[in-house]
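Quick notes on the structure that follows.
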Amino acid sequence: MDQQTLIYFVWLIPLLPLLAFFTIMLFTRKHDRLSHTIAIGAIAISFVLAQIVFWNAVAQGGSHAAEPAAAVESSTEAPSATAEHSAETPAAAEGEHAAAEGEHGYPAYVESHIPWLPQGLNTLNMGVLVDPLTAAMLFMVPIACFMIIFYSVGYSNFNKKRDPHDQPGFPPHKGREPMYGRFFAFLSLFAGAMLTLVVADNLLLLFIGWEIMGLCSYLLIGFWYARTYPDRNKITPRGAAVKAFMTTRVADVFMLLGIAFLYSSTGTLSFTEIFTQEMTSQLAAVLFLGIPAAQVIYMLLFIGTIGKSAQFPLHTWLPDAMEGPTPVSAMIHAAAMVSAGVYMVIRMFPILGGTVPRGELVTFTPMIIIGTFTALFSATIAFTQRDVKKVLAYSTISQLGFMISALGMGAWVAALFHLITHAFFKALLFMGSGSIIHGVEHGMHATEHGHDDHAAAPAHAEAAPDDHGHGHDDADPQEPDMDPQDMFNMGGLRKKMPVTFWTFLIGGLSLAGFPIFFAGFWSKDEILGHAFHYPQFQIVFWVLVFTAFLTAFYTMRQISLTFFGQPRTEAAGHAHESHWTMIAPLVILAVFAIIAGFVGVKADMPGLGLIFNGPFAKYGTPFEHFVEPVLATTIEIEVLSFDWTPLLIASTAGVLGLALGWWVYGRRPLAAGQPDPLEVKMGGLYVVLKNKYYIDEIYNYVFVQPARRFAVWMGDVFDRKGIDGVLHGIADGALRLSLAFRSFDTKVVNGGADGFAASIKAAGHWLRDIQTGRVQNYLLLALVSVVLLIALYITLFS
Amino acid sequence: MDTNQLVLLLILFSPLIAAVLVLIIGKLGDGAAKWSALLFSLVPLALTIYLWIAYQSAPVDSGGFKFVFSVPWLPQINSSFTIGVDGISLSMILLTAILTPLGIIISFKISDRLPLFMALLLGLTTGMFGVFMALDLVIFFIFWEIGLVPMYFLINQWGSANRRYASFKFFIYTMAGSIGLLLSIQFIWSALGTYSIPQVAAQWPTYSGTGVLGMPVETVKNITFWLFVIAFAIKVPVWPFHTWLPDAHTEAPTAGSMILAGVLLKLGAYGFLRLVLPFFPDQAAQFAPILALLALAGIVFTAFAAYGQNDFKRLVAYSSVNHMGFVLMGIAVAAAALGNPEWKQYGIIATNGAVLQMFAHGLSAAAMFALVGVVYERAHTRDLNQLGGLWKVMPIYGGILIFSAMANLGLPGLAGFPAEFQVVSGAWPVFTFITVLSMLGLLMTGAYVLKAIQKVLHGPANRELLHHAEMPDINRREIIALAPLLVLMLVIGIYPMWLMTVINQSVTFALTKLIGG
């Protein structure tokens, strides 16, 4: 394919969904069909373009492996409306740039940028870059986004009419989502931001996509902005939205510092310019508080990931973010936002290249500690949750911990691989849970005929008596009595929702790491294999194995509680399979949840290696071969050969966990109202886990409340009483002084026609006299004073 | 006088002439007055756009200025009427020219003495243009004071309940600063015998002749430095001189707040860049850490203070102080760079950021105040606890509010972000610890912006409010007044190059001149 065409394509990939957002918001938001057609059309074209770019990269990757210098580069200017400005970039600098790359062999398949911010004599450029890492992400992200947006058509009840009881700001009960167009606009913006982040050729553009995604998650988590629960302790969607935004912002300001540090030490933020031998060794040589600058910068950036990818201690926003509509959960927690966090640290990993001699394993201890701890920690919370989505939320945090831990141990390829497989099976699981909830909600409506027509009283009716003829239309929808997301209200859905069941089972087994057939197994195995290979990571290995066991256990608990046994509520009994627009994405993602793993089978594995990957490589995995050149400019990685031991240990942990889960929850299905068997057994510990170790409460007490009090004190007491107190004191003193002068004037000078005294008197009465309310007087006064002042200069200084 | 100089003069005085004309036309009725005011306010805008284009290729003088126009004015004191622009002032003039018509549009519904209101608004514009153009200290001071008077009356006559107190505080406070400014100008004049800003910049830093009033030169320099700093610090406002601002903003009419936050505050920051740094490079470098600390206090404390407010307008007002803290931070970095040539590039980056922040904040603050005005006009309350759930009844308003609030918060992709990024990048190597602490302010910026959105738009609607007040969605006139701001925020956020090329040239020129290299 023509290089110039490819460049156009790469620019268009993020641009199309962004344009869809603006088009829907400005013009078509009231036309539901048109809005979703635009959103789906945009992401579909992006998907096709991304596939073209990806397969081109794969084709070039083959030749790249043979001859690094053959990597195709282009510094051709961007095809954008600002072409006339790009012409200003000195051609000489361009040439130099391209030459430098050729030397270092950075595997850039597509590269293009425009000048963005002039700084003195330098210019900060913005552009796109496709290297193997971006290409791999371009395979996963558009597919997942496309599925999620498509799924939203069914999820938002496009097949139904609007129900007059449904109102904007509340989830629809029986009809179509009232803010249908807006939902698709936000999803498009989200997809556009994620794709911007993926194709960015520099850290600043990546950060722009990163933050816009943060905005989208805020808007989408709080999509049902008016929803209020009778239980005041339950977090509302708008509360969860603020929490998500603020928690990630804590991390983002550190990331901004990291970017500022990097920019001020190197004068560039472009990946291809930073990831060179010279630059990374220079960054490692400069010390900051005794630590190599490269590590400080990476740590600051990693804090950004802790927020975005919900790692301990900034994980608390993610489970609450489940208040958003389910496609949002899938988008935020699987395909896009949390993946972005891990993607960023994967992307920036080569910066650490200078910290150890070439050839040695590059590790980053803070990541190992936080990642491993988070993986275990949130897995323990996951198996006490009752909400079907919250289990998945905690499992997401846990799986992200796996990736972070892997990256910290230097298992760069494994981290990226798990990121991609996880995105597929977790998006599948989230959308599956959305389908389950939809089914149960349908069952609820089927069982409460004639009930809700009279129940639409506002939640705060007592505060505002409805006496001005406002009928149903104005009343806030009432929250249902039964929680349709509580797994203990489900059961027996296997027969009612067969497609959802089978696809969810595939996703679940992939998450649990069931051997051989599922993607999650291969990626998790690669992480465990790496940890096992290096003796210094023995503890990490066993912690992760135990976590894998817990993962399998809570996954089987979830599947058993939801699908097996008999329905525990009437609503579950009346549930039925979701609309085809929701089912189809599940089936497609289920396919990926299986096949995506096979590119990660080690070529030297007996049997399977030959079947899946024999022709492609003699050792390592095809995936590794494809992405590894990204690191090669600064880091050499050791390709591990196949090892049976960790593979068997991991398989055993997965199978044992599944078996135990089945033994506790599946063998004898729970009856309606029966408590969780573990709750009975574990007692106090269960309560602690169920309350998420009380971390929310601690944060609230230690950070949120003091900040609130300080804020009020700062505005009302410090400024108004402190600073203004001083000012009023001065004013008061001046007034007293004037009055003293006046009395001096009247008593001592005895009312003589003294102009000086008169002016002092006037000053003393300024406050009263000046406010005659006649503007003409004021203007005259002002004019006279200006003239007087000028006259004063002339007399004094001429 | 060539065409471009004439255009510059026309930009400066056309609003003043327009003010008189509007007062005369106003006899025909309010309708005629407001439409003519709008029409007249478009004249300087059109001329500024023309000048912006002409600027790109115009020759530059040795001081870095273009279109310099000079006539003797008060030869007795060696003051001449000299005006000219560089990239910094031209971008501020553009901002002023954009905001004035929008302020007029948003004020169309004023019923009380409308012609006078419009005339004051236009007169104010001349004052602001004058400060940005002045290349002579007397001219600078006169326009500085001219800007003060109309704003005093706008607040005092058209403000809300506590307007007397607020306008008085605003006037006296700024006056107090001005007196020091005037005194310092006289000190410099009596030493150098010139009011010309480029000449003072060339001579004053190295001046070592006789002192003034028997004081040694160094003392005079220190005194004049601090008097300049305080005068401009009050205007910016720099913490802790900021308490006039929440009062003045809260009481001012909507257009007054838009102009006050949009442009008037920038006069102070502009004073730092145009006068303080070139006149006092040694003092600036010496006291740069103090400026940085004050900037930090402004960023952090006022962000908290904003979060603590329950008055929508007061919250937005505090956010202005918060954002101007980043402008001062950029200036502090430039000041530090004056003493250390190694920091020159950081100084340039941070100053670029400060100027862009001035522009970006001008857009977002004006939009936020306009939006507060829209809700206040309907609900007759600014109490955040009385509002809520308005997204449902005013969906378009909600979208615009979120957009503007995000620009205010510095969301990447909108205008504030490249500005904050540059300030932080420049400040990091120079004031590392202060920069780290200032992030607390950035965090709280998020908190107060989200608080405002949540309290106004989210949640169930306040039924009582909806029963007592008509809450129609934002109307076409209000959208027209806001749309240019929204478009510019997005355009600058996505592609700041067009604006930054002009700013960067002048910033680089000025700092190179001061630092060398």
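Residue numbers start at 1 in each chain; chains themselves are named A, B, ... in the order of the structure tokens; ligands are numbered from 1 in the order shown.
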Next on the checklist: Show me, as a PyMOL selection string, the residues that have an atom within 8 Å of Trp116 (chain A) when counting only C-alpha atoms, minus same-chain residues fewer than 2 positions from it.
Outcome noted: (chain A and resi 114+118+123-126) or (chain B and resi 495-497)
Checklist entry - For chain B against chain A, which residues fall within 8 Å using only C-alpha atoms, given as a ChimeraX atom specification? => result /B:76-77,142,149,153,157,168,240,243,301-302,304-309,345-346,348-349,352,389,392,411-413,421,424-426,428-429,436,439,442-443,446-447,450,454,458-461,463-464,467,495-497,500-501,504-505,507-508
Next on the checklist: Could you list, as a PyMOL selection string, every residue within 7 Å of Phe541 (chain A), counting only C-alpha atoms and ignoring same-chain residues fewer than 5 positions away?
Outcome noted: chain A and resi 528+531-532
Can those selected residues be exported to a file as a PDB file, in the first residue's frame so that it contains N, CA and C atoms?
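Writing the result to out-v8.pdb gives the following:
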```
ATOM      1  N   LEU A 528       3.502 -15.864  34.241  1.00  0.00           N
ATOM      2  CA  LEU A 528       3.967 -16.765  35.292  1.00  0.00           C
ATOM      3  C   LEU A 528       5.284 -17.428  34.891  1.00  0.00           C
ATOM      4  N   ALA A 531       8.063 -15.027  35.594  1.00  0.00           N
ATOM      5  CA  ALA A 531       8.345 -14.906  37.027  1.00  0.00           C
ATOM      6  C   ALA A 531       9.068 -16.149  37.528  1.00  0.00           C
ATOM      7  N   PHE A 532       8.684 -17.296  36.992  1.00  0.00           N
ATOM      8  CA  PHE A 532       9.268 -18.558  37.438  1.00  0.00           C
ATOM      9  C   PHE A 532      10.725 -18.674  37.003  1.00  0.00           C
TER      10      PHE A 532
END
```
Next on the checklist: Can you measure CA of Gly63 (chain B) to CA of Thr3 (chain B) for me? One decimal in Å is fine.
Outcome noted: 20.8 Å
With a distance cut-off of 12 Å and only C-alpha atoms, select the neighbouring residues of Gly29 (chain B), excluding the residue or stretch itself and same-chain residues fewer than 6 positions from it, and output the selection as a PDB file with N, CA and C atoms, in the first residue's frame.
```
ATOM      1  N   VAL B  22     -22.984  56.262  20.822  1.00  0.00           N
ATOM      2  CA  VAL B  22     -24.046  55.438  21.386  1.00  0.00           C
ATOM      3  C   VAL B  22     -24.889  56.259  22.353  1.00  0.00           C
ATOM      4  N   LEU B  23     -24.241  57.126  23.091  1.00  0.00           N
ATOM      5  CA  LEU B  23     -25.000  57.982  24.012  1.00  0.00           C
ATOM      6  C   LEU B  23     -25.969  58.867  23.230  1.00  0.00           C
ATOM      7  N   TRP B  35     -28.006  47.998  19.280  1.00  0.00           N
ATOM      8  CA  TRP B  35     -27.544  47.517  17.976  1.00  0.00           C
ATOM      9  C   TRP B  35     -26.385  48.357  17.463  1.00  0.00           C
ATOM     10  N   SER B  36     -26.452  49.668  17.704  1.00  0.00           N
ATOM     11  CA  SER B  36     -25.328  50.485  17.245  1.00  0.00           C
ATOM     12  C   SER B  36     -24.074  50.155  18.059  1.00  0.00           C
ATOM     13  N   SER B 111     -32.293  46.798  31.148  1.00  0.00           N
ATOM     14  CA  SER B 111     -33.365  47.763  30.912  1.00  0.00           C
ATOM     15  C   SER B 111     -33.041  49.126  31.526  1.00  0.00           C
ATOM     16  N   ASP B 112     -32.086  49.137  32.442  1.00  0.00           N
ATOM     17  CA  ASP B 112     -31.792  50.361  33.173  1.00  0.00           C
ATOM     18  C   ASP B 112     -30.674  51.142  32.481  1.00  0.00           C
ATOM     19  N   ARG B 113     -30.975  52.314  31.959  1.00  0.00           N
ATOM     20  CA  ARG B 113     -29.980  53.204  31.340  1.00  0.00           C
ATOM     21  C   ARG B 113     -29.054  52.448  30.386  1.00  0.00           C
ATOM     22  N   LEU B 114     -29.659  51.728  29.470  1.00  0.00           N
ATOM     23  CA  LEU B 114     -28.872  50.885  28.566  1.00  0.00           C
ATOM     24  C   LEU B 114     -27.825  51.644  27.747  1.00  0.00           C
ATOM     25  N   PRO B 115     -28.183  52.810  27.154  1.00  0.00           N
ATOM     26  CA  PRO B 115     -27.149  53.504  26.355  1.00  0.00           C
ATOM     27  C   PRO B 115     -25.911  53.823  27.177  1.00  0.00           C
ATOM     28  N   LEU B 116     -26.113  54.256  28.394  1.00  0.00           N
ATOM     29  CA  LEU B 116     -24.976  54.601  29.241  1.00  0.00           C
ATOM     30  C   LEU B 116     -24.133  53.356  29.540  1.00  0.00           C
TER      31      LEU B 116
END
```
Next on the checklist: Would you pick out the contacts of Met367 (chain A) at 6 Å or less, using only C-alpha atoms, so that residues sharing its chain but fewer than 2 positions from it are not included, and give the list as a VMD selection string?
Outcome noted: chain A and resid 364 to 365 369 to 371 404 to 405 408
For the selection you just gave me, I'd like the residues written to a file as a PDB file, in the first residue's frame, keeping N, CA and C atoms.
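Final output, again-v2.pdb:
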```pdb
ATOM      1  N   PHE A 364      11.507  -2.821  37.268  1.00  0.00           N
ATOM      2  CA  PHE A 364      11.092  -1.611  37.964  1.00  0.00           C
ATOM      3  C   PHE A 364      10.331  -2.045  39.216  1.00  0.00           C
ATOM      4  N   THR A 365      11.053  -2.050  40.328  1.00  0.00           N
ATOM      5  CA  THR A 365      10.521  -2.647  41.552  1.00  0.00           C
ATOM      6  C   THR A 365       9.174  -2.071  42.025  1.00  0.00           C
ATOM      7  N   ILE A 369       5.872  -4.484  43.115  1.00  0.00           N
ATOM      8  CA  ILE A 369       5.207  -4.485  44.411  1.00  0.00           C
ATOM      9  C   ILE A 369       3.740  -4.110  44.264  1.00  0.00           C
ATOM     10  N   ILE A 370       3.488  -2.979  43.594  1.00  0.00           N
ATOM     11  CA  ILE A 370       2.100  -2.513  43.491  1.00  0.00           C
ATOM     12  C   ILE A 370       1.258  -3.473  42.666  1.00  0.00           C
ATOM     13  N   GLY A 371       1.817  -3.928  41.550  1.00  0.00           N
ATOM     14  CA  GLY A 371       1.062  -4.833  40.688  1.00  0.00           C
ATOM     15  C   GLY A 371       0.711  -6.132  41.379  1.00  0.00           C
ATOM     16  N   ILE A 404       0.811  -5.134  35.372  1.00  0.00           N
ATOM     17  CA  ILE A 404       1.764  -4.189  35.958  1.00  0.00           C
ATOM     18  C   ILE A 404       2.934  -4.956  36.568  1.00  0.00           C
ATOM     19  N   SER A 405       2.587  -6.008  37.285  1.00  0.00           N
ATOM     20  CA  SER A 405       3.621  -6.823  37.900  1.00  0.00           C
ATOM     21  C   SER A 405       4.556  -7.401  36.832  1.00  0.00           C
ATOM     22  N   GLY A 408       6.794  -4.771  35.501  1.00  0.00           N
ATOM     23  CA  GLY A 408       7.830  -4.450  36.482  1.00  0.00           C
ATOM     24  C   GLY A 408       8.941  -5.477  36.472  1.00  0.00           C
TER      25      GLY A 408
END
```
Checklist entry - From the list B:Asp383, B:Asp282, B:Asp2, B:Glu478, which residue is nearest Val68 (chain B) when using only C-alpha atoms? => result B:Asp2
